[in-house]
>>> print(open('upload_19.csv').read())   # CSV, C-alpha atoms and all ligand atoms
chain,number,residue,atom,x,y,z
M,23,MET,CA,-55.8,281.2,185.2
M,24,ASN,CA,-54.7,278.3,182.9
M,25,ILE,CA,-51.2,277.4,181.9
M,26,LEU,CA,-52.6,275.5,179.0
M,27,SER,CA,-55.8,275.6,177.1
M,28,ILE,CA,-56.5,272.9,174.5
M,29,GLN,CA,-59.4,274.1,172.3
M,30,ASP,CA,-61.1,271.7,169.9
M,31,VAL,CA,-57.8,270.2,168.6
M,32,VAL,CA,-57.8,267.8,165.7
M,33,LYS,CA,-54.8,265.9,164.3
M,34,ARG,CA,-55.0,263.4,161.5
M,35,TYR,CA,-52.4,261.2,160.0
M,36,HIS,CA,-53.5,260.1,156.5
M,37,ASN,CA,-57.0,258.8,157.1
M,38,HIS,CA,-56.5,258.2,160.9
M,39,THR,CA,-57.7,260.8,163.4
M,40,ALA,CA,-55.2,260.6,166.3
M,41,VAL,CA,-56.7,263.6,168.2
M,42,ASP,CA,-60.4,264.1,167.7
M,43,HIS,CA,-61.8,267.5,168.8
M,44,VAL,CA,-60.2,267.4,172.2
M,45,SER,CA,-60.6,270.4,174.6
M,46,PHE,CA,-59.5,270.8,178.2
M,47,ASP,CA,-57.8,273.3,180.4
M,48,ILE,CA,-54.8,272.9,182.7
M,49,PRO,CA,-54.9,275.2,185.7
M,50,LYS,CA,-51.6,276.9,186.5
M,51,GLY,CA,-49.4,275.4,189.2
M,52,LYS,CA,-51.1,271.9,189.2
M,53,ILE,CA,-49.9,268.4,188.4
M,54,PHE,CA,-52.1,267.2,185.7
M,55,GLY,CA,-52.3,263.6,184.5
M,56,LEU,CA,-52.7,262.9,180.7
M,57,LEU,CA,-53.9,259.3,180.5
M,58,GLY,CA,-55.0,256.9,177.9
M,59,PRO,CA,-54.3,253.4,176.6
M,60,ASN,CA,-51.7,252.7,173.9
M,61,GLY,CA,-52.4,254.6,170.8
M,62,ALA,CA,-55.0,256.9,172.4
M,63,GLY,CA,-53.4,260.1,171.1
M,64,LYS,CA,-51.4,261.4,174.1
M,65,THR,CA,-48.1,261.7,172.3
M,66,SER,CA,-49.8,263.3,169.3
M,67,LEU,CA,-51.3,265.9,171.6
M,68,ILE,CA,-48.0,266.5,173.4
M,69,ARG,CA,-46.2,266.9,170.1
M,70,ILE,CA,-48.7,269.6,169.2
M,71,ILE,CA,-48.3,271.4,172.6
M,72,THR,CA,-44.5,271.3,172.2
M,73,THR,CA,-44.8,272.7,168.6
M,74,ILE,CA,-43.2,269.6,167.1
M,75,THR,CA,-46.3,269.3,164.9
M,76,ARG,CA,-49.3,271.5,164.2
M,77,PRO,CA,-52.9,270.6,164.7
M,78,ASP,CA,-55.1,270.3,161.6
M,79,SER,CA,-57.7,272.5,163.4
M,80,GLY,CA,-58.3,273.9,166.8
M,81,GLN,CA,-55.8,275.9,168.9
M,82,VAL,CA,-53.6,275.7,172.0
M,83,LEU,CA,-52.9,278.6,174.3
M,84,LEU,CA,-49.9,278.5,176.6
M,85,ASP,CA,-50.3,280.9,179.5
M,86,GLY,CA,-53.0,282.7,177.5
M,87,ALA,CA,-51.1,283.2,174.3
M,88,PRO,CA,-51.1,281.1,171.1
M,89,LEU,CA,-48.1,278.8,170.6
M,90,SER,CA,-45.1,280.4,168.9
M,91,LYS,CA,-41.5,280.0,168.0
M,92,ARG,CA,-40.7,280.8,171.6
M,93,THR,CA,-42.9,278.1,173.0
M,94,PRO,CA,-40.1,275.4,173.3
M,95,GLU,CA,-38.2,277.8,175.6
M,96,GLU,CA,-41.1,277.9,178.0
M,97,ILE,CA,-41.7,274.1,178.1
M,98,GLY,CA,-39.6,271.3,179.3
M,99,TYR,CA,-40.5,268.0,177.6
M,100,MET,CA,-39.2,264.7,178.6
M,101,PRO,CA,-40.3,262.2,176.0
M,102,GLU,CA,-40.8,258.5,176.7
M,103,GLU,CA,-38.3,257.8,173.9
M,104,ARG,CA,-35.2,259.2,175.5
M,105,GLY,CA,-33.1,261.1,172.9
M,106,LEU,CA,-29.6,261.6,174.2
M,107,TYR,CA,-26.6,261.4,171.9
M,108,LYS,CA,-24.6,258.3,173.0
M,109,LYS,CA,-21.2,259.6,172.0
M,110,MET,CA,-21.5,263.0,173.7
M,111,LYS,CA,-20.1,263.7,177.2
M,112,VAL,CA,-22.6,264.6,179.9
M,113,GLY,CA,-21.3,268.1,180.4
M,114,GLU,CA,-21.2,268.9,176.7
M,115,HIS,CA,-24.6,267.4,176.2
M,116,LEU,CA,-26.3,269.4,178.8
M,117,LYS,CA,-24.5,272.6,177.6
M,118,TYR,CA,-25.8,271.9,174.0
M,119,LEU,CA,-29.4,271.3,175.1
M,120,GLY,CA,-29.4,274.3,177.4
M,121,ARG,CA,-28.1,276.6,174.6
M,122,LEU,CA,-30.9,275.2,172.3
M,123,LYS,CA,-33.4,276.3,175.0
M,124,GLY,CA,-32.0,279.9,174.8
M,125,LEU,CA,-29.7,279.9,177.9
M,126,SER,CA,-26.4,281.8,177.7
M,127,GLU,CA,-23.1,279.9,178.1
M,128,LYS,CA,-22.9,281.3,181.7
M,129,GLU,CA,-26.5,280.4,182.6
M,130,VAL,CA,-26.0,276.9,181.3
M,131,LYS,CA,-22.9,276.5,183.5
M,132,THR,CA,-24.6,277.8,186.7
M,133,LYS,CA,-27.7,275.7,186.2
M,134,MET,CA,-25.9,272.6,185.2
M,135,ASP,CA,-23.6,272.9,188.2
M,136,TYR,CA,-26.6,273.4,190.5
M,137,TRP,CA,-28.4,270.2,189.2
M,138,MET,CA,-25.3,268.0,189.1
M,139,GLU,CA,-24.5,269.0,192.7
M,140,ARG,CA,-28.1,268.5,193.7
M,141,PHE,CA,-28.0,264.9,192.3
M,142,GLU,CA,-24.5,264.4,193.6
M,143,ILE,CA,-23.2,263.4,190.2
M,144,THR,CA,-20.5,266.1,189.6
M,145,ASN,CA,-18.1,263.3,188.7
M,146,TRP,CA,-20.2,262.5,185.6
M,147,TYR,CA,-19.4,265.6,183.6
M,148,LYS,CA,-16.8,263.9,181.4
M,149,LYS,CA,-18.5,260.5,181.1
M,150,LYS,CA,-20.0,259.6,177.7
M,151,ILE,CA,-23.7,259.1,177.7
M,152,GLU,CA,-23.1,255.5,176.5
M,153,GLU,CA,-21.1,254.8,179.7
M,154,LEU,CA,-24.2,255.5,181.8
M,155,SER,CA,-26.8,253.0,182.8
M,156,LYS,CA,-30.4,253.5,181.7
M,157,GLY,CA,-31.3,255.0,185.1
M,158,MET,CA,-28.3,257.3,185.1
M,159,GLN,CA,-29.2,258.5,181.6
M,160,GLN,CA,-32.7,259.1,182.9
M,161,LYS,CA,-31.3,261.5,185.5
M,162,ILE,CA,-29.4,263.4,182.8
M,163,GLN,CA,-32.5,263.6,180.7
M,164,PHE,CA,-34.4,265.0,183.7
M,165,ILE,CA,-31.8,267.7,184.2
M,166,ALA,CA,-31.9,268.5,180.5
M,167,THR,CA,-35.7,268.9,180.8
M,168,VAL,CA,-35.6,271.3,183.7
M,169,LEU,CA,-32.4,273.2,183.0
M,170,HIS,CA,-34.0,276.3,181.5
M,171,ASP,CA,-36.6,276.6,184.3
M,172,PRO,CA,-39.7,276.0,182.1
M,173,LYS,CA,-43.1,277.1,183.3
M,174,LEU,CA,-44.6,273.9,182.0
M,175,LEU,CA,-43.0,270.5,182.4
M,176,ILE,CA,-44.3,267.6,180.3
M,177,LEU,CA,-43.1,264.3,181.7
M,178,ASP,CA,-43.8,261.1,179.8
M,179,GLU,CA,-43.2,258.0,182.0
M,180,PRO,CA,-40.5,259.9,184.0
M,181,PHE,CA,-39.8,257.0,186.3
M,182,SER,CA,-39.4,254.2,183.8
M,183,GLY,CA,-36.1,252.4,184.3
M,184,LEU,CA,-35.5,254.0,187.7
M,185,ASP,CA,-34.9,252.1,190.9
M,186,PRO,CA,-37.1,253.0,194.0
M,187,VAL,CA,-34.4,255.3,195.4
M,188,ASN,CA,-34.0,257.3,192.2
M,189,THR,CA,-37.8,257.2,191.6
M,190,ASN,CA,-38.2,259.0,194.9
M,191,LEU,CA,-35.4,261.4,194.1
M,192,ILE,CA,-37.1,262.5,190.9
M,193,LYS,CA,-40.5,262.5,192.5
M,194,ASP,CA,-39.2,264.9,195.2
M,195,GLU,CA,-37.8,267.2,192.6
M,196,ILE,CA,-41.0,267.2,190.6
M,197,ASP,CA,-42.8,268.0,193.9
M,198,ARG,CA,-40.4,270.8,194.7
M,199,LEU,CA,-40.6,272.4,191.3
M,200,ASN,CA,-44.4,272.2,191.4
M,201,LYS,CA,-44.4,273.9,194.9
M,202,GLN,CA,-42.2,276.6,193.3
M,203,GLY,CA,-44.9,277.2,190.7
M,204,THR,CA,-44.1,275.0,187.8
M,205,SER,CA,-47.1,273.4,186.1
M,206,ILE,CA,-46.7,269.8,185.2
M,207,ILE,CA,-48.3,267.4,182.8
M,208,PHE,CA,-47.6,263.8,183.8
M,209,SER,CA,-48.3,261.0,181.3
M,210,THR,CA,-48.0,257.4,182.5
M,211,HIS,CA,-49.6,254.0,182.4
M,212,ARG,CA,-48.8,253.5,186.1
M,213,MET,CA,-52.1,254.4,187.7
M,214,GLU,CA,-51.0,254.2,191.3
M,215,GLN,CA,-48.5,257.0,190.5
M,216,VAL,CA,-51.4,259.0,189.1
M,217,GLU,CA,-53.3,258.7,192.3
M,218,GLU,CA,-50.2,259.6,194.3
M,219,ILE,CA,-49.1,262.6,192.2
M,220,CYS,CA,-51.9,264.2,190.2
M,221,GLU,CA,-54.6,266.5,191.3
M,222,ARG,CA,-56.5,266.5,188.0
M,223,ILE,CA,-56.6,264.1,185.1
M,224,VAL,CA,-57.9,263.8,181.6
M,225,LEU,CA,-58.5,260.4,180.0
M,226,ILE,CA,-58.2,260.1,176.3
M,227,ASN,CA,-59.3,257.1,174.3
M,228,GLN,CA,-59.2,256.6,170.5
M,229,GLY,CA,-58.4,260.3,170.1
M,230,LYS,CA,-61.4,261.5,172.2
M,231,LYS,CA,-61.6,262.9,175.7
M,232,ILE,CA,-63.7,260.5,177.7
M,233,LEU,CA,-63.2,261.8,181.3
M,234,GLU,CA,-61.8,264.9,182.9
M,235,GLY,CA,-61.7,266.3,186.4
M,236,GLN,CA,-60.3,266.3,190.0
M,237,VAL,CA,-59.1,262.8,191.0
M,238,SER,CA,-61.0,262.9,194.2
M,239,ASP,CA,-64.3,263.9,192.4
M,240,ILE,CA,-63.8,261.2,189.8
M,241,LYS,CA,-63.4,258.5,192.4
M,242,ASN,CA,-66.5,259.7,194.1
M,243,GLN,CA,-68.4,259.9,190.8
M,244,PHE,CA,-67.6,256.2,190.1
M,245,LYS,CA,-68.1,254.9,193.7
M,246,GLU,CA,-70.2,251.8,194.1
M,247,ASN,CA,-71.2,252.2,197.8
M,248,LEU,CA,-68.8,249.6,198.9
M,249,TYR,CA,-67.5,249.5,202.5
M,250,LYS,CA,-64.5,247.6,203.7
M,251,ILE,CA,-64.8,246.3,207.2
M,252,LYS,CA,-62.3,244.5,209.4
M,253,PHE,CA,-63.9,242.6,212.2
M,254,ASP,CA,-63.7,239.6,214.6
M,255,GLY,CA,-66.7,237.5,215.3
M,256,GLU,CA,-69.6,235.9,213.4
M,257,ILE,CA,-72.0,237.7,211.0
M,258,SER,CA,-75.3,236.0,210.3
M,259,GLN,CA,-75.9,234.5,206.9
M,260,GLU,CA,-78.9,236.8,206.5
M,261,VAL,CA,-76.9,240.0,207.0
M,262,ALA,CA,-74.0,238.7,204.9
M,263,GLN,CA,-76.3,238.0,202.0
M,264,ARG,CA,-78.2,241.2,202.3
M,265,TYR,CA,-75.0,243.2,202.0
M,266,GLN,CA,-73.4,240.8,199.5
M,267,MET,CA,-70.5,240.3,201.9
M,268,VAL,CA,-67.3,239.0,200.2
M,269,ALA,CA,-63.9,238.4,201.7
M,270,ASP,CA,-61.3,240.9,200.5
M,271,ARG,CA,-57.5,240.7,201.0
M,272,ASP,CA,-57.5,241.9,204.6
M,273,GLY,CA,-61.2,242.3,205.5
M,274,HIS,CA,-64.6,242.0,204.0
M,275,LEU,CA,-66.5,244.1,201.5
M,276,PHE,CA,-70.2,245.1,202.1
M,277,SER,CA,-72.4,246.6,199.4
M,278,LEU,CA,-75.1,249.1,200.5
M,279,ASN,CA,-78.5,248.4,199.2
M,280,GLU,CA,-80.8,251.1,197.6
M,281,GLY,CA,-81.6,253.8,200.1
M,282,GLN,CA,-79.2,252.6,202.8
M,283,THR,CA,-76.6,254.7,204.4
M,284,SER,CA,-73.2,253.7,205.9
M,285,ASN,CA,-74.7,254.4,209.3
M,286,ASP,CA,-77.5,251.8,208.7
M,287,LEU,CA,-74.8,249.2,208.0
M,288,LEU,CA,-72.7,250.2,211.0
M,289,ARG,CA,-75.7,250.0,213.3
M,290,GLU,CA,-76.6,246.6,212.1
M,291,LEU,CA,-73.0,245.4,212.5
M,292,LEU,CA,-72.8,246.8,216.1
M,293,ALA,CA,-76.1,244.9,216.9
M,294,ALA,CA,-74.5,241.7,215.6
M,295,ASN,CA,-72.1,241.9,218.5
M,296,ILE,CA,-68.9,241.7,216.5
M,297,THR,CA,-65.6,243.6,217.2
M,298,ILE,CA,-65.0,246.2,214.5
M,299,HIS,CA,-61.4,247.1,213.8
M,300,ALA,CA,-61.9,249.2,210.7
M,301,PHE,CA,-64.8,250.6,208.7
M,302,GLU,CA,-64.1,252.6,205.6
M,303,GLU,CA,-65.6,253.4,202.3
M,304,LYS,CA,-63.9,251.7,199.4
M,305,LEU,CA,-63.6,254.1,196.4
M,306,PRO,CA,-62.6,252.7,193.1
M,307,SER,CA,-58.9,253.1,192.1
M,308,VAL,CA,-58.1,255.3,189.1
M,309,ASN,CA,-56.9,252.0,187.5
M,310,GLU,CA,-60.3,250.4,187.9
M,311,ILE,CA,-62.0,253.5,186.5
M,312,PHE,CA,-59.6,253.6,183.6
M,313,ILE,CA,-60.0,249.9,182.7
M,314,ASN,CA,-63.8,250.1,182.9
M,315,LEU,CA,-64.2,253.2,180.8
M,316,VAL,CA,-61.8,252.0,178.1
M,317,ASN,CA,-63.5,248.6,177.9
M,318,GLU,CA,-66.9,250.3,177.8
M,319,SER,CA,-65.9,252.5,174.9
M,320,LYS,CA,-64.4,249.5,173.1
M,321,LEU,CA,-67.7,247.7,173.4
M,322,GLN,CA,-69.6,250.8,172.1
M,323,THR,CA,-67.2,251.0,169.1
M,324,ASN,CA,-67.4,247.3,168.3
M,325,GLY,CA,-71.2,247.1,169.0
B,401,LIG,N1,-46.5,260.1,162.5
B,401,LIG,C1,-47.5,259.3,162.5
B,401,LIG,N2,-48.0,258.8,161.3
B,401,LIG,C2,-49.1,258.0,161.3
B,401,LIG,N3,-49.8,257.6,162.3
B,401,LIG,C3,-49.4,258.1,163.5
B,401,LIG,C4,-48.3,258.9,163.7
B,401,LIG,N4,-48.1,259.2,165.0
B,401,LIG,C5,-49.1,258.5,165.7
B,401,LIG,N5,-49.9,257.9,164.8
B,401,LIG,C6,-51.1,257.1,165.1
B,401,LIG,O1,-51.9,257.9,165.9
B,401,LIG,C7,-52.5,257.2,167.0
B,401,LIG,C8,-52.1,257.8,168.3
B,401,LIG,O2,-50.8,257.6,168.6
B,401,LIG,P1,-50.0,258.3,169.8
B,401,LIG,O3,-48.6,258.0,169.7
B,401,LIG,O4,-50.4,259.7,169.9
B,401,LIG,O5,-50.6,257.5,171.0
B,401,LIG,P2,-50.2,257.4,172.6
B,401,LIG,O6,-51.5,257.7,173.3
B,401,LIG,O7,-49.1,258.3,172.8
B,401,LIG,O8,-49.8,255.9,172.8
B,401,LIG,P3,-48.8,255.2,173.7
B,401,LIG,O9,-49.3,255.2,175.1
B,401,LIG,O10,-48.7,253.8,173.2
B,401,LIG,O11,-47.5,255.9,173.6
B,401,LIG,C9,-52.0,255.8,166.8
B,401,LIG,O12,-53.0,255.0,166.2
B,401,LIG,C10,-50.8,255.9,166.0
B,401,LIG,O13,-50.6,254.7,165.2
>>> encode(input="upload_19.csv", output="structure tokens", more="lines below")
Ligand SMILES: Nc1ncnc2c1ncn2[C@@H]1O[C@H](COP(=O)(O)OP(=O)(O)OP(=O)(O)O)[C@@H](O)[C@H]1O
Amino acid sequence: MNILSIQDVVKRYHNHTAVDHVSFDIPKGKIFGLLGPNGAGKTSLIRIITTITRPDSGQVLLDGAPLSKRTPEEIGYMPEERGLYKKMKVGEHLKYLGRLKGLSEKEVKTKMDYWMERFEITNWYKKKIEELSKGMQQKIQFIATVLHDPKLLILDEPFSGLDPVNTNLIKDEIDRLNKQGTSIIFSTHRMEQVEEICERIVLINQGKKILEGQVSDIKNQFKENLYKIKFDGEISQEVAQRYQMVADRDGHLFSLNEGQTSNDLLRELLAANITIHAFEEKLPSVNEIFINLVNESKLQTNG
């Protein structure tokens, strides 16, 4: 079952196509990465999902049903551009946003107290937003996003401006909400966070989907048969050349040749009488895959 189904969605601004026939599904209960370089069309797509704008064509289903007036109550969206009213007090602000999402006065109070206590910030109720640091405002924005228990959370750069302790705090909350069944779309340019957090990703470039799938499958799909080996001892020139051995940060990289297996390499190294401390396949990082694909499609467009 999918929490979200994007079906052939197109969005144009004047003569620019920001989202160009994009389709993908997001399975329920997963953390899904929506990736792409600046200007790729991610925000345009998110604004369609959250019903801020409408697509020119195509449709979006949330939990199997077309988007409607009730959609915002089912989604929690934390935009990259944080939009809190500086002059409002924290308590008033959360109450206001919770009411906008359809919560009753009593529900807002219960949920707000729960989150403020959870984050140990109950002494902030009467503080004005403008009195809070960027990171503190970020916490309030997070609470505002999850206050109404949305079934789909859309988080755009949720850790920007947070120190490592608060990053972990929010990361743990995201994880906990996900374990309780909340589906999550996570949009970021921080690729190491994608590897750590997301199960599946979609990569958009110039409005078009260029890659989609399970992170582990994608890494395997783009692997280059590289092995990282840590060893003590001498490797002959001949073997080093044949495997295009190069020094890496804390070991050496070996490339398998056509038709060779990792076992062939290991056998050869054992015969060379070296002491092997570590032997592992080096899969490309999501960052490397991202950069390669985006550069490739740039070349295709320019060529
Ligand atoms: N309201 C608008 N009017 C005109 N053009 C727009 C509008 N919103 C977005 N665009 C254009 O659509 C394209 C996609 O923008 P979008 O904000 O969706 O990208 P993005 O992937 O979110 O980028 P970033 O990572 O930089 O936030 C860009 O070329 C942008 O200039």
>>> closest_atom_pairs(input="upload_19.csv", of="chain M", to="ligand LIG 401 (chain B)", cutoff="12 Å", atoms="all atoms listed in the file", output="Markdown table")
| residue | atom | partner | partner_atom | distance |
| --- | --- | --- | --- | --- |
| M:Val32 | CA | B:LIG401 | O1 | 11.5 |
| M:Lys33 | CA | B:LIG401 | O1 | 8.7 |
| M:Arg34 | CA | B:LIG401 | O1 | 7.7 |
| M:Tyr35 | CA | B:LIG401 | C2 | 4.8 |
| M:His36 | CA | B:LIG401 | C2 | 6.8 |
| M:Asn37 | CA | B:LIG401 | N3 | 9.0 |
| M:His38 | CA | B:LIG401 | O1 | 6.8 |
| M:Thr39 | CA | B:LIG401 | O1 | 6.9 |
| M:Ala40 | CA | B:LIG401 | O1 | 4.3 |
| M:Val41 | CA | B:LIG401 | C8 | 7.4 |
| M:Asp42 | CA | B:LIG401 | C8 | 10.4 |
| M:Leu56 | CA | B:LIG401 | O6 | 9.1 |
| M:Leu57 | CA | B:LIG401 | O6 | 7.8 |
| M:Gly58 | CA | B:LIG401 | O6 | 5.8 |
| M:Pro59 | CA | B:LIG401 | O9 | 5.5 |
| M:Asn60 | CA | B:LIG401 | O10 | 3.3 |
| M:Gly61 | CA | B:LIG401 | O5 | 3.4 |
| M:Ala62 | CA | B:LIG401 | O6 | 3.7 |
| M:Gly63 | CA | B:LIG401 | O4 | 3.3 |
| M:Lys64 | CA | B:LIG401 | O6 | 3.8 |
| M:Thr65 | CA | B:LIG401 | O7 | 3.6 |
| M:Ser66 | CA | B:LIG401 | O4 | 3.7 |
| M:Leu67 | CA | B:LIG401 | O4 | 6.5 |
| M:Ile68 | CA | B:LIG401 | O4 | 8.0 |
| M:Arg69 | CA | B:LIG401 | O4 | 8.3 |
| M:Ile70 | CA | B:LIG401 | O4 | 10.1 |
| M:Ile74 | CA | B:LIG401 | N1 | 11.1 |
| M:Thr75 | CA | B:LIG401 | N1 | 9.5 |
| M:Arg76 | CA | B:LIG401 | N1 | 11.9 |
| M:Pro101 | CA | B:LIG401 | O11 | 9.9 |
| M:Glu102 | CA | B:LIG401 | O11 | 7.8 |
| M:Glu103 | CA | B:LIG401 | O11 | 9.4 |
| M:Asp178 | CA | B:LIG401 | O11 | 8.9 |
| M:Glu179 | CA | B:LIG401 | O9 | 9.6 |
| M:Ser209 | CA | B:LIG401 | O9 | 8.5 |
| M:Thr210 | CA | B:LIG401 | O9 | 7.8 |
| M:His211 | CA | B:LIG401 | O9 | 7.4 |
| M:Arg212 | CA | B:LIG401 | O9 | 11.1 |
| M:Leu225 | CA | B:LIG401 | O6 | 10.1 |
| M:Ile226 | CA | B:LIG401 | O6 | 7.7 |
| M:Asn227 | CA | B:LIG401 | O6 | 7.9 |
| M:Gln228 | CA | B:LIG401 | C8 | 7.5 |
| M:Gly229 | CA | B:LIG401 | C8 | 7.0 |
| M:Lys230 | CA | B:LIG401 | O6 | 10.7 |
| M:Lys231 | CA | B:LIG401 | O6 | 11.6 |
>>> atom_distance(input="upload_19.csv", atom1="atom CA of Ile206 of chain M", atom2="atom CA of Ser319 of chain M")
27.8 Å
>>> residues_around(input="upload_19.csv", residues="segment 237-247 of chain M", least_positions_apart="3", cutoff="9 Å", atoms="all atoms listed in the file", output="number ranges by chain")
M: 216-217, 220-223, 233-234, 276-279, 283-284, 303-308, 311
>>> closest_residue(input="upload_19.csv", among="M:Arg264, M:Lys117, M:Lys123, M:Arg271", to="Ile251 of chain M", atoms="only C-alpha atoms")
M:Arg271
>>> atom_distance(input="upload_19.csv", atom1="atom CA of Ile25 of chain M", atom2="atom CA of Gln236 of chain M")
16.5 Å
>>> atom_distance(input="upload_19.csv", atom1="atom CA of Leu154 of chain M", atom2="atom CA of Glu218 of chain M")
29.1 Å
>>> closest_residue(input="upload_19.csv", among="M:Ala293, M:Leu122, M:Val82, M:Met158", to="Ile143 of chain M", atoms="all atoms listed in the file")
M:Met158
>>> closest_residue(input="upload_19.csv", among="M:Ile71, M:Gly51, M:Gln259, M:Lys201", to="Pro88 of chain M", atoms="all atoms listed in the file")
M:Ile71
>>> residues_near_point(input="upload_19.csv", point="(-25.8, 268.9, 178.8)", cutoff="12 Å", atoms="all atoms listed in the file", output="ChimeraX atom specification")
/M:106-107,110-123,125,127,130-135,137-138,146-151,159,161-170
>>> write_last_selection(input="upload_19.csv", atoms="C-alpha atoms", output="compact mmCIF listing (two decimals), in the frame of the given file")
# COMPACT_ATOMS: atom_id res chain seq x y z
CA LEU M 106 -29.60 261.60 174.20
CA TYR M 107 -26.60 261.40 171.90
CA MET M 110 -21.50 263.00 173.70
CA LYS M 111 -20.10 263.70 177.20
CA VAL M 112 -22.60 264.60 179.90
CA GLY M 113 -21.30 268.10 180.40
CA GLU M 114 -21.20 268.90 176.70
CA HIS M 115 -24.60 267.40 176.20
CA LEU M 116 -26.30 269.40 178.80
CA LYS M 117 -24.50 272.60 177.60
CA TYR M 118 -25.80 271.90 174.00
CA LEU M 119 -29.40 271.30 175.10
CA GLY M 120 -29.40 274.30 177.40
CA ARG M 121 -28.10 276.60 174.60
CA LEU M 122 -30.90 275.20 172.30
CA LYS M 123 -33.40 276.30 175.00
CA LEU M 125 -29.70 279.90 177.90
CA GLU M 127 -23.10 279.90 178.10
CA VAL M 130 -26.00 276.90 181.30
CA LYS M 131 -22.90 276.50 183.50
CA THR M 132 -24.60 277.80 186.70
CA LYS M 133 -27.70 275.70 186.20
CA MET M 134 -25.90 272.60 185.20
CA ASP M 135 -23.60 272.90 188.20
CA TRP M 137 -28.40 270.20 189.20
CA MET M 138 -25.30 268.00 189.10
CA TRP M 146 -20.20 262.50 185.60
CA TYR M 147 -19.40 265.60 183.60
CA LYS M 148 -16.80 263.90 181.40
CA LYS M 149 -18.50 260.50 181.10
CA LYS M 150 -20.00 259.60 177.70
CA ILE M 151 -23.70 259.10 177.70
CA GLN M 159 -29.20 258.50 181.60
CA LYS M 161 -31.30 261.50 185.50
CA ILE M 162 -29.40 263.40 182.80
CA GLN M 163 -32.50 263.60 180.70
CA PHE M 164 -34.40 265.00 183.70
CA ILE M 165 -31.80 267.70 184.20
CA ALA M 166 -31.90 268.50 180.50
CA THR M 167 -35.70 268.90 180.80
CA VAL M 168 -35.60 271.30 183.70
CA LEU M 169 -32.40 273.20 183.00
CA HIS M 170 -34.00 276.30 181.50
>>> closest_residue(input="upload_19.csv", among="M:Gly203, M:Pro49, M:Gly273, M:Gly281", to="Leu84 of chain M", atoms="only C-alpha atoms")
M:Pro49
>>> closest_residue(input="upload_19.csv", among="M:Arg140, M:Arg104, M:Lys250, M:Lys128", to="Gln160 of chain M", atoms="only C-alpha atoms")
M:Arg104
>>> closest_residue(input="upload_19.csv", among="M:Lys52, M:Lys156, M:Lys320, M:His43", to="Ile176 of chain M", atoms="only C-alpha atoms")
M:Lys52
>>> build_atoms(input="upload_19.csv", residues="segment 218-229 of chain M", atoms="N, CA and C atoms", output="PDB file, in the coordinates of the input")
ATOM      1  N   GLU M 218     -51.150 259.069 193.328  1.00  0.00           N
ATOM      2  CA  GLU M 218     -50.200 259.600 194.300  1.00  0.00           C
ATOM      3  C   GLU M 218     -49.858 261.084 193.932  1.00  0.00           C
ATOM      4  N   ILE M 219     -49.734 261.331 192.645  1.00  0.00           N
ATOM      5  CA  ILE M 219     -49.100 262.600 192.200  1.00  0.00           C
ATOM      6  C   ILE M 219     -50.076 263.630 191.665  1.00  0.00           C
ATOM      7  N   CYS M 220     -51.094 263.178 190.910  1.00  0.00           N
ATOM      8  CA  CYS M 220     -51.900 264.200 190.200  1.00  0.00           C
ATOM      9  C   CYS M 220     -53.122 264.651 190.918  1.00  0.00           C
ATOM     10  N   GLU M 221     -53.407 265.930 190.717  1.00  0.00           N
ATOM     11  CA  GLU M 221     -54.600 266.500 191.300  1.00  0.00           C
ATOM     12  C   GLU M 221     -55.796 266.352 190.339  1.00  0.00           C
ATOM     13  N   ARG M 222     -55.506 266.596 189.070  1.00  0.00           N
ATOM     14  CA  ARG M 222     -56.500 266.500 188.000  1.00  0.00           C
ATOM     15  C   ARG M 222     -56.042 265.551 186.939  1.00  0.00           C
ATOM     16  N   ILE M 223     -56.988 264.949 186.223  1.00  0.00           N
ATOM     17  CA  ILE M 223     -56.600 264.100 185.100  1.00  0.00           C
ATOM     18  C   ILE M 223     -57.526 264.305 183.902  1.00  0.00           C
ATOM     19  N   VAL M 224     -57.025 263.954 182.747  1.00  0.00           N
ATOM     20  CA  VAL M 224     -57.900 263.800 181.600  1.00  0.00           C
ATOM     21  C   VAL M 224     -57.601 262.427 181.020  1.00  0.00           C
ATOM     22  N   LEU M 225     -58.652 261.744 180.603  1.00  0.00           N
ATOM     23  CA  LEU M 225     -58.500 260.400 180.000  1.00  0.00           C
ATOM     24  C   LEU M 225     -58.897 260.473 178.563  1.00  0.00           C
ATOM     25  N   ILE M 226     -57.957 260.065 177.699  1.00  0.00           N
ATOM     26  CA  ILE M 226     -58.200 260.100 176.300  1.00  0.00           C
ATOM     27  C   ILE M 226     -58.279 258.658 175.757  1.00  0.00           C
ATOM     28  N   ASN M 227     -59.208 258.397 174.871  1.00  0.00           N
ATOM     29  CA  ASN M 227     -59.300 257.100 174.300  1.00  0.00           C
ATOM     30  C   ASN M 227     -59.683 257.216 172.815  1.00  0.00           C
ATOM     31  N   GLN M 228     -58.968 256.537 171.942  1.00  0.00           N
ATOM     32  CA  GLN M 228     -59.200 256.600 170.500  1.00  0.00           C
ATOM     33  C   GLN M 228     -59.343 258.067 170.041  1.00  0.00           C
ATOM     34  N   GLY M 229     -58.448 258.892 170.550  1.00  0.00           N
ATOM     35  CA  GLY M 229     -58.400 260.300 170.100  1.00  0.00           C
ATOM     36  C   GLY M 229     -59.390 261.221 170.782  1.00  0.00           C
TER      37      GLY M 229
END
